[in-house]
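This is structure-v5.pdb (PDB, C-alpha atoms and all ligand atoms).
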ATOM      1  CA  MET A   1      12.439  11.099  -4.402  1.00  0.00           C
ATOM      2  CA  THR A   2      11.412   9.082  -7.459  1.00  0.00           C
ATOM      3  CA  GLU A   3      13.769   6.143  -7.793  1.00  0.00           C
ATOM      4  CA  LEU A   4      12.311   4.395 -10.818  1.00  0.00           C
ATOM      5  CA  ILE A   5       9.417   4.437 -13.252  1.00  0.00           C
ATOM      6  CA  ALA A   6       8.000   1.595 -15.331  1.00  0.00           C
ATOM      7  CA  GLU A   7       4.790   1.266 -17.358  1.00  0.00           C
ATOM      8  CA  ILE A   8       2.036  -1.309 -17.653  1.00  0.00           C
ATOM      9  CA  GLY A   9      -0.363  -0.266 -20.403  1.00  0.00           C
ATOM     10  CA  LYS A  10      -1.345   3.308 -19.536  1.00  0.00           C
ATOM     11  CA  THR A  11      -0.390   2.973 -15.843  1.00  0.00           C
ATOM     12  CA  LEU A  12       2.903   4.306 -14.474  1.00  0.00           C
ATOM     13  CA  LEU A  13       4.473   2.193 -11.722  1.00  0.00           C
ATOM     14  CA  GLU A  14       6.841   4.271  -9.587  1.00  0.00           C
ATOM     15  CA  ILE A  15       9.199   3.562  -6.707  1.00  0.00           C
ATOM     16  CA  HIS A  16       9.670   6.486  -4.315  1.00  0.00           C
ATOM     17  CA  VAL A  17      11.635   6.797  -1.066  1.00  0.00           C
ATOM     18  CA  ALA A  18       9.414   9.084   1.014  1.00  0.00           C
ATOM     19  CA  ASP A  19       7.124   9.547   3.980  1.00  0.00           C
ATOM     20  CA  ILE A  20       3.759   8.403   2.550  1.00  0.00           C
ATOM     21  CA  THR A  21       1.868  11.063   4.543  1.00  0.00           C
ATOM     22  CA  THR A  22       3.504  13.746   2.365  1.00  0.00           C
ATOM     23  CA  LEU A  23       2.324  12.369  -0.991  1.00  0.00           C
ATOM     24  CA  ASP A  24      -0.192  14.347  -3.029  1.00  0.00           C
ATOM     25  CA  VAL A  25      -2.098  11.422  -4.551  1.00  0.00           C
ATOM     26  CA  ASP A  26      -5.739  10.365  -4.679  1.00  0.00           C
ATOM     27  CA  ALA A  27      -5.240   7.563  -2.141  1.00  0.00           C
ATOM     28  CA  ILE A  28      -2.539   6.368   0.215  1.00  0.00           C
ATOM     29  CA  VAL A  29      -2.681   2.844   1.586  1.00  0.00           C
ATOM     30  CA  ASN A  30      -2.302   2.348   5.323  1.00  0.00           C
ATOM     31  CA  ALA A  31      -0.694  -0.771   6.849  1.00  0.00           C
ATOM     32  CA  ALA A  32      -3.382  -1.133   9.485  1.00  0.00           C
ATOM     33  CA  ASN A  33      -4.433  -3.812  11.973  1.00  0.00           C
ATOM     34  CA  ARG A  34      -7.767  -5.638  12.111  1.00  0.00           C
ATOM     35  CA  SER A  35      -9.318  -3.137  14.520  1.00  0.00           C
ATOM     36  CA  LEU A  36      -8.612  -0.207  12.127  1.00  0.00           C
ATOM     37  CA  LEU A  37      -8.232   1.892  15.291  1.00  0.00           C
ATOM     38  CA  GLY A  38      -4.635   3.043  14.735  1.00  0.00           C
ATOM     39  CA  GLY A  39      -1.251   1.805  15.877  1.00  0.00           C
ATOM     40  CA  GLY A  40       2.436   2.482  15.386  1.00  0.00           C
ATOM     41  CA  GLY A  41       4.545   2.585  12.235  1.00  0.00           C
ATOM     42  CA  VAL A  42       2.924   4.006   9.130  1.00  0.00           C
ATOM     43  CA  ASP A  43      -0.513   3.562  10.762  1.00  0.00           C
ATOM     44  CA  GLY A  44       0.514   5.957  13.509  1.00  0.00           C
ATOM     45  CA  ALA A  45       2.013   8.444  11.060  1.00  0.00           C
ATOM     46  CA  ILE A  46      -1.112   8.482   8.897  1.00  0.00           C
ATOM     47  CA  HIS A  47      -3.446   8.990  11.858  1.00  0.00           C
ATOM     48  CA  ARG A  48      -1.242  11.733  13.316  1.00  0.00           C
ATOM     49  CA  THR A  49      -1.245  13.637  10.025  1.00  0.00           C
ATOM     50  CA  ALA A  50      -4.892  13.008   9.103  1.00  0.00           C
ATOM     51  CA  GLY A  51      -6.183  14.106  12.490  1.00  0.00           C
ATOM     52  CA  PRO A  52      -8.935  12.743  14.786  1.00  0.00           C
ATOM     53  CA  GLU A  53     -11.647  12.681  12.118  1.00  0.00           C
ATOM     54  CA  LEU A  54      -9.851   9.731  10.505  1.00  0.00           C
ATOM     55  CA  LEU A  55     -10.099   7.641  13.671  1.00  0.00           C
ATOM     56  CA  ALA A  56     -13.731   8.685  14.077  1.00  0.00           C
ATOM     57  CA  GLU A  57     -14.553   7.361  10.588  1.00  0.00           C
ATOM     58  CA  CYS A  58     -12.461   4.208  11.121  1.00  0.00           C
ATOM     59  CA  ALA A  59     -14.441   3.499  14.285  1.00  0.00           C
ATOM     60  CA  THR A  60     -17.618   3.208  12.153  1.00  0.00           C
ATOM     61  CA  LEU A  61     -16.177   0.493   9.884  1.00  0.00           C
ATOM     62  CA  GLY A  62     -16.356  -2.502  12.223  1.00  0.00           C
ATOM     63  CA  GLY A  63     -12.753  -3.576  11.632  1.00  0.00           C
ATOM     64  CA  CYS A  64     -11.308  -5.398   8.628  1.00  0.00           C
ATOM     65  CA  ASP A  65     -10.149  -8.961   7.928  1.00  0.00           C
ATOM     66  CA  THR A  66      -6.492  -9.742   7.301  1.00  0.00           C
ATOM     67  CA  GLY A  67      -5.828  -9.735   3.562  1.00  0.00           C
ATOM     68  CA  SER A  68      -8.488  -7.155   2.868  1.00  0.00           C
ATOM     69  CA  ALA A  69      -8.932  -3.369   3.016  1.00  0.00           C
ATOM     70  CA  LYS A  70     -11.480  -0.606   3.645  1.00  0.00           C
ATOM     71  CA  ILE A  71     -11.541   3.030   2.477  1.00  0.00           C
ATOM     72  CA  THR A  72     -12.040   6.332   4.317  1.00  0.00           C
ATOM     73  CA  GLY A  73     -11.556  10.033   3.628  1.00  0.00           C
ATOM     74  CA  GLY A  74      -8.100  11.588   3.866  1.00  0.00           C
ATOM     75  CA  TYR A  75      -9.037  14.562   6.111  1.00  0.00           C
ATOM     76  CA  ARG A  76      -5.911  16.672   6.854  1.00  0.00           C
ATOM     77  CA  LEU A  77      -3.679  14.536   4.595  1.00  0.00           C
ATOM     78  CA  LYS A  78      -2.861  15.750   1.066  1.00  0.00           C
ATOM     79  CA  ALA A  79      -4.302  12.427  -0.133  1.00  0.00           C
ATOM     80  CA  ARG A  80      -8.040  12.497  -0.808  1.00  0.00           C
ATOM     81  CA  ALA A  81      -8.583   9.007   0.634  1.00  0.00           C
ATOM     82  CA  VAL A  82      -6.919   6.405   2.857  1.00  0.00           C
ATOM     83  CA  ILE A  83      -7.249   2.719   2.021  1.00  0.00           C
ATOM     84  CA  HIS A  84      -6.660   0.752   5.248  1.00  0.00           C
ATOM     85  CA  ALA A  85      -5.179  -2.645   4.344  1.00  0.00           C
ATOM     86  CA  VAL A  86      -4.596  -5.333   6.966  1.00  0.00           C
ATOM     87  CA  GLY A  87      -1.496  -7.323   6.116  1.00  0.00           C
ATOM     88  CA  PRO A  88      -0.556 -10.720   7.589  1.00  0.00           C
ATOM     89  CA  VAL A  89       1.870 -11.185  10.464  1.00  0.00           C
ATOM     90  CA  TRP A  90       4.809 -13.261   9.173  1.00  0.00           C
ATOM     91  CA  GLN A  91       4.646 -16.753  10.735  1.00  0.00           C
ATOM     92  CA  GLY A  92       7.406 -18.421   8.759  1.00  0.00           C
ATOM     93  CA  GLY A  93       5.636 -18.667   5.405  1.00  0.00           C
ATOM     94  CA  GLY A  94       3.356 -21.612   6.016  1.00  0.00           C
ATOM     95  CA  ALA A  95       0.201 -19.708   6.972  1.00  0.00           C
ATOM     96  CA  ASP A  96      -0.861 -18.326   3.573  1.00  0.00           C
ATOM     97  CA  GLU A  97       1.009 -15.084   4.271  1.00  0.00           C
ATOM     98  CA  GLU A  98       1.864 -14.394   0.601  1.00  0.00           C
ATOM     99  CA  ALA A  99      -1.752 -14.878  -0.548  1.00  0.00           C
ATOM    100  CA  LEU A 100      -3.038 -12.664   2.268  1.00  0.00           C
ATOM    101  CA  LEU A 101      -0.514  -9.932   1.421  1.00  0.00           C
ATOM    102  CA  ALA A 102      -1.486 -10.152  -2.261  1.00  0.00           C
ATOM    103  CA  GLY A 103      -5.112  -9.702  -1.186  1.00  0.00           C
ATOM    104  CA  CYS A 104      -4.211  -6.369   0.425  1.00  0.00           C
ATOM    105  CA  TYR A 105      -2.679  -5.042  -2.796  1.00  0.00           C
ATOM    106  CA  ARG A 106      -5.501  -6.410  -4.956  1.00  0.00           C
ATOM    107  CA  THR A 107      -8.345  -5.112  -2.752  1.00  0.00           C
ATOM    108  CA  ALA A 108      -6.730  -1.674  -2.550  1.00  0.00           C
ATOM    109  CA  LEU A 109      -6.645  -1.464  -6.376  1.00  0.00           C
ATOM    110  CA  GLU A 110     -10.285  -2.561  -6.551  1.00  0.00           C
ATOM    111  CA  LEU A 111     -11.328   0.079  -3.990  1.00  0.00           C
ATOM    112  CA  ALA A 112      -9.360   2.786  -5.824  1.00  0.00           C
ATOM    113  CA  ALA A 113     -11.072   1.858  -9.105  1.00  0.00           C
ATOM    114  CA  ALA A 114     -14.517   1.687  -7.497  1.00  0.00           C
ATOM    115  CA  HIS A 115     -14.014   5.209  -6.120  1.00  0.00           C
ATOM    116  CA  ARG A 116     -12.538   6.501  -9.442  1.00  0.00           C
ATOM    117  CA  LEU A 117      -9.201   7.285  -7.762  1.00  0.00           C
ATOM    118  CA  SER A 118      -6.465   7.357 -10.405  1.00  0.00           C
ATOM    119  CA  SER A 119      -3.307   7.568  -8.258  1.00  0.00           C
ATOM    120  CA  ILE A 120      -2.522   5.284  -5.319  1.00  0.00           C
ATOM    121  CA  ALA A 121       0.562   4.945  -3.091  1.00  0.00           C
ATOM    122  CA  TYR A 122       1.406   1.823  -1.086  1.00  0.00           C
ATOM    123  CA  PRO A 123       3.797   1.459   1.848  1.00  0.00           C
ATOM    124  CA  ALA A 124       5.649  -1.870   2.116  1.00  0.00           C
ATOM    125  CA  ILE A 125       2.745  -3.528   3.922  1.00  0.00           C
ATOM    126  CA  SER A 126       3.622  -6.049   6.700  1.00  0.00           C
ATOM    127  CA  THR A 127       7.413  -5.514   6.451  1.00  0.00           C
ATOM    128  CA  GLY A 128       7.743  -3.602   9.743  1.00  0.00           C
ATOM    129  CA  ILE A 129       6.044  -4.655  12.962  1.00  0.00           C
ATOM    130  CA  TYR A 130       4.528  -7.671  11.155  1.00  0.00           C
ATOM    131  CA  ARG A 131       8.041  -8.897  10.244  1.00  0.00           C
ATOM    132  CA  PHE A 132       7.294 -10.052   6.656  1.00  0.00           C
ATOM    133  CA  PRO A 133      10.660 -10.514   4.842  1.00  0.00           C
ATOM    134  CA  ALA A 134      11.079  -7.323   2.794  1.00  0.00           C
ATOM    135  CA  ASP A 135      12.376  -9.020  -0.376  1.00  0.00           C
ATOM    136  CA  VAL A 136       9.554 -11.572  -0.481  1.00  0.00           C
ATOM    137  CA  ALA A 137       6.970  -8.873   0.278  1.00  0.00           C
ATOM    138  CA  ALA A 138       8.266  -6.640  -2.522  1.00  0.00           C
ATOM    139  CA  ARG A 139       7.923  -9.480  -5.030  1.00  0.00           C
ATOM    140  CA  VAL A 140       4.340 -10.109  -3.873  1.00  0.00           C
ATOM    141  CA  ALA A 141       3.525  -6.387  -3.988  1.00  0.00           C
ATOM    142  CA  VAL A 142       4.910  -5.697  -7.471  1.00  0.00           C
ATOM    143  CA  GLY A 143       3.776  -9.053  -8.874  1.00  0.00           C
ATOM    144  CA  THR A 144       0.194  -8.612  -7.658  1.00  0.00           C
ATOM    145  CA  VAL A 145      -0.150  -5.010  -8.871  1.00  0.00           C
ATOM    146  CA  ALA A 146       1.464  -5.802 -12.234  1.00  0.00           C
ATOM    147  CA  SER A 147      -0.749  -8.824 -12.930  1.00  0.00           C
ATOM    148  CA  GLU A 148      -3.928  -7.059 -11.765  1.00  0.00           C
ATOM    149  CA  LEU A 149      -3.221  -4.025 -13.977  1.00  0.00           C
ATOM    150  CA  ALA A 150      -2.261  -6.207 -16.949  1.00  0.00           C
ATOM    151  CA  SER A 151      -5.655  -7.926 -16.782  1.00  0.00           C
ATOM    152  CA  ALA A 152      -7.717  -4.790 -16.006  1.00  0.00           C
ATOM    153  CA  PRO A 153      -6.198  -1.272 -15.940  1.00  0.00           C
ATOM    154  CA  ARG A 154      -9.150  -0.020 -13.859  1.00  0.00           C
ATOM    155  CA  GLY A 155      -8.516   3.584 -15.009  1.00  0.00           C
ATOM    156  CA  ILE A 156      -5.557   3.868 -12.634  1.00  0.00           C
ATOM    157  CA  ALA A 157      -2.862   6.214 -13.996  1.00  0.00           C
ATOM    158  CA  ARG A 158      -0.202   5.990 -11.243  1.00  0.00           C
ATOM    159  CA  VAL A 159       0.807   3.396  -8.679  1.00  0.00           C
ATOM    160  CA  ILE A 160       3.561   4.424  -6.265  1.00  0.00           C
ATOM    161  CA  PHE A 161       5.475   1.955  -4.108  1.00  0.00           C
ATOM    162  CA  CYS A 162       6.380   4.389  -1.323  1.00  0.00           C
ATOM    163  CA  CYS A 163       9.424   2.925   0.420  1.00  0.00           C
ATOM    164  CA  PHE A 164      10.717   4.231   3.737  1.00  0.00           C
ATOM    165  CA  SER A 165      14.333   3.250   3.121  1.00  0.00           C
ATOM    166  CA  ALA A 166      16.768   2.771   0.265  1.00  0.00           C
ATOM    167  CA  GLY A 167      16.879  -0.930   1.131  1.00  0.00           C
ATOM    168  CA  SER A 168      13.135  -1.247   0.694  1.00  0.00           C
ATOM    169  CA  ALA A 169      13.371   0.588  -2.639  1.00  0.00           C
ATOM    170  CA  GLU A 170      16.098  -1.824  -3.780  1.00  0.00           C
ATOM    171  CA  HIS A 171      13.847  -4.810  -3.056  1.00  0.00           C
ATOM    172  CA  HIS A 172      11.095  -3.249  -5.156  1.00  0.00           C
ATOM    173  CA  LYS A 173      13.540  -2.461  -7.978  1.00  0.00           C
ATOM    174  CA  ASP A 174      14.710  -6.105  -7.901  1.00  0.00           C
ATOM    175  CA  ALA A 175      11.079  -7.175  -8.180  1.00  0.00           C
ATOM    176  CA  PHE A 176      10.569  -4.843 -11.165  1.00  0.00           C
ATOM    177  CA  ALA A 177      13.637  -6.372 -12.829  1.00  0.00           C
ATOM    178  CA  GLU A 178      12.562  -9.967 -12.111  1.00  0.00           C
ATOM    179  CA  LEU A 179       9.197  -9.210 -13.726  1.00  0.00           C
ATOM    180  CA  GLY A 180      10.875  -7.677 -16.765  1.00  0.00           C
ATOM    181  CA  LEU A 181       9.311  -4.255 -16.059  1.00  0.00           C
ATOM    182  CA  ILE A 182      12.728  -2.590 -16.470  1.00  0.00           C
TER     183      ILE A 182
HETATM  184  N1  LIG A 201       5.819   6.363   5.169  1.00  0.00           N
HETATM  185  C1  LIG A 201       6.064   5.252   4.405  1.00  0.00           C
HETATM  186  N2  LIG A 201       6.403   4.047   4.929  1.00  0.00           N
HETATM  187  C2  LIG A 201       6.513   3.983   6.283  1.00  0.00           C
HETATM  188  C3  LIG A 201       6.272   5.086   7.138  1.00  0.00           C
HETATM  189  C4  LIG A 201       5.912   6.311   6.520  1.00  0.00           C
HETATM  190  N3  LIG A 201       5.666   7.414   7.241  1.00  0.00           N
HETATM  191  N4  LIG A 201       6.461   4.672   8.437  1.00  0.00           N
HETATM  192  C5  LIG A 201       6.813   3.377   8.380  1.00  0.00           C
HETATM  193  N5  LIG A 201       6.851   2.955   7.092  1.00  0.00           N
HETATM  194  C6  LIG A 201       7.196   1.631   6.559  1.00  0.00           C
HETATM  195  C7  LIG A 201       8.013   0.727   7.441  1.00  0.00           C
HETATM  196  O1  LIG A 201       9.407   1.049   7.353  1.00  0.00           O
HETATM  197  C8  LIG A 201       7.704  -0.624   6.801  1.00  0.00           C
HETATM  198  O2  LIG A 201       8.535  -0.813   5.652  1.00  0.00           O
HETATM  199  O3  LIG A 201       5.969   0.926   6.391  1.00  0.00           O
HETATM  200  C9  LIG A 201       6.250  -0.468   6.318  1.00  0.00           C
HETATM  201  C10 LIG A 201       5.229  -1.204   7.180  1.00  0.00           C
HETATM  202  O4  LIG A 201       5.651  -1.158   8.537  1.00  0.00           O
HETATM  203  P1  LIG A 201       4.604  -0.970   9.751  1.00  0.00           P
HETATM  204  O5  LIG A 201       4.095   0.415   9.731  1.00  0.00           O
HETATM  205  O6  LIG A 201       5.294  -1.464  10.970  1.00  0.00           O
HETATM  206  O7  LIG A 201       3.373  -1.917   9.355  1.00  0.00           O
HETATM  207  P2  LIG A 201       3.240  -3.510   9.370  1.00  0.00           P
HETATM  208  O8  LIG A 201       4.556  -4.200   9.353  1.00  0.00           O
HETATM  209  O9  LIG A 201       2.270  -3.788   8.271  1.00  0.00           O
HETATM  210  O10 LIG A 201       2.572  -3.792  10.781  1.00  0.00           O
HETATM  211  C11 LIG A 201       1.254  -3.352  10.972  1.00  0.00           C
HETATM  212  O11 LIG A 201       1.802  -2.140  12.934  1.00  0.00           O
HETATM  213  O12 LIG A 201       1.467   0.080  13.260  1.00  0.00           O
HETATM  214  C12 LIG A 201       0.949  -1.162  13.504  1.00  0.00           C
HETATM  215  O13 LIG A 201      -1.418  -0.792  13.617  1.00  0.00           O
HETATM  216  C13 LIG A 201      -0.387  -1.362  12.844  1.00  0.00           C
HETATM  217  O14 LIG A 201      -0.784  -3.392  14.024  1.00  0.00           O
HETATM  218  C14 LIG A 201      -0.420  -2.850  12.774  1.00  0.00           C
HETATM  219  C15 LIG A 201       1.015  -3.219  12.460  1.00  0.00           C
END

Once more with this new file: its structure as structure tokens, please.
Amino acid sequence: MTELIAEIGKTLLEIHVADITTLDVDAIVNAANRSLLGGGGVDGAIHRTAGPELLAECATLGGCDTGSAKITGGYRLKARAVIHAVGPVWQGGGADEEALLAGCYRTALELAAAHRLSSIAYPAISTGIYRFPADVAARVAVGTVASELASAPRGIARVIFCCFSAGSAEHHKDAFAELGLI
């Protein structure tokens, strides 16, 4: 369900409350771990829906550093590609967590642009098992995407913040409002 839409240049920024594995977009972002070999949460849901070929491709990537991301095919997902981002585990805020989380959002945009993908959906990276405070994470997510798109639209037409709860959507809406996007 689309909760909100804002615009930055020619790019629509949307907040949805949905299961990200159901979205028909060019790329969905996975909240992965450094091994890229699957896990629980949204990682588990994406691998379950994509099927075993996703894990087989992930196994060829040699893992991924925290704060970065790597791209694979989407296989049985509606999405054409999966961008596996590795968010930081929250350690109280003094271990560069916000910069590392911003790196996930930034790298995912760069990978989408490099692969000419024009629609991308993010889950609320690090706000589940990695315990990142959801309000702080939403501000980092929206702030990073908004500033990256303002400086270089990268041919991206749609960015969806795919929230798994109304509470998560509210945090993203607050971030939109704080940034003057609505
Ligand atoms: N669609 C959209 N969002 C989802 C879905 C889904 N199907 N399932 C969970 N989420 C939401 C959670 O509610 C949370 O807001 O994704 C956000 C991220 O939560 P996690 O999946 O727990 O990811 P994260 O906190 O980044 O922890 C990553 O968990 O699953 C393991 O392998 C993963 O080790 C890694 C760690």

Next on the checklist: Which residues, named as in the file, does the PyMOL selection byres (((not hetatm)) within 6 of (chain A and resi 201)) pick out? Answer as an MDAnalysis selection string.
Outcome noted: chainID A and resid 19:21 31:33 38:45 87 123:131 162:164

With distances taken over only C-alpha atoms, the candidate from A:Ala27, A:Val136, A:Ala121, A:Val17 nearest Ile71 in chain A is A:Ala27

Residues within 6 Å of range 113-119 of chain A, all atoms listed in the file, excluding chain neighbours under 4 positions, as a ChimeraX atom specification:
/A:25-26,154,156-159

| said: What would the selection look like, as a VMD selection string, if the PyMOL selection byres (((chain A and resi 141-147) around 7) and not hetatm) were run on the coordinates I just shared? | reply: chain A and resid 102 105 to 106 137 to 140 148 to 151 175 to 176

message: Within 12 Å of (-7.2, 10.8, 0.8) in the file's own coordinates, which protein, DNA or RNA residues have an atom, counting only C-alpha atoms? List them as JSON, numbers by chain.
response: {"A": [20, 21, 22, 23, 24, 25, 26, 27, 28, 29, 30, 46, 47, 49, 50, 54, 71, 72, 73, 74, 75, 76, 77, 78, 79, 80, 81, 82, 83, 84, 112, 115, 117, 118, 119, 120, 121]}

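Here CA of Val86 in chain A is placed at a distance of 22.7 Å from CA of Gly167 in chain A.
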
Would you compute the distance between CA of Ala169 in chain A and CA of Leu101 in chain A? Give it in Å to one decimal.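 Distance between the two atoms: 17.9 Å.
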
In Å and to one decimal, CA of Thr11 in chain A is distant from CA of Lys173 in chain A by 16.9 Å

query: With distances taken over only C-alpha atoms, which of A:Ala134, A:Leu37, A:Cys104, A:Val89 is nearest to Ser165 in chain A?
result: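 Closest residue, counting only C-alpha atoms: A:Ala134.
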
Which centre and edge lengths in Å to one decimal define the box along x, y and z that fits every listed atom of range 153-159 of chain A plus 4 Å per side, as JSON?
{"center_x": -4.2, "center_y": 2.5, "center_z": -12.3, "size_x": 18.0, "size_y": 15.5, "size_z": 15.3}

- Message: Using only C-alpha atoms for the distances, tell me which of A:Ala95, A:Ala85, A:Ala177, A:Leu36 is nearest to Gly63 in chain A.
- Response: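 Between A:Ala95, A:Ala85, A:Ala177, A:Leu36, the residue approaching Gly63 in chain A most closely is A:Leu36.
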
Selection near range 12-16 of chain A, 6 Å with all atoms listed in the file, sequence-local residues under 2 positions removed, as a tab-separated table (two decimals) with C-alpha atoms, in the frame of the given file:
chain	number	residue	atom	x	y	z
A	1	MET	CA	12.44	11.10	-4.40
A	2	THR	CA	11.41	9.08	-7.46
A	3	GLU	CA	13.77	6.14	-7.79
A	4	LEU	CA	12.31	4.39	-10.82
A	5	ILE	CA	9.42	4.44	-13.25
A	6	ALA	CA	8.00	1.60	-15.33
A	7	GLU	CA	4.79	1.27	-17.36
A	18	ALA	CA	9.41	9.08	1.01
A	158	ARG	CA	-0.20	5.99	-11.24
A	159	VAL	CA	0.81	3.40	-8.68
A	160	ILE	CA	3.56	4.42	-6.26
A	161	PHE	CA	5.48	1.96	-4.11
A	162	CYS	CA	6.38	4.39	-1.32
A	163	CYS	CA	9.42	2.92	0.42

Using all atoms listed in the file, the shortest atom-to-atom distance to Asp65 in chain A among A:Arg34, A:Glu53, A:Arg48, A:Trp90 belongs to A:Arg34
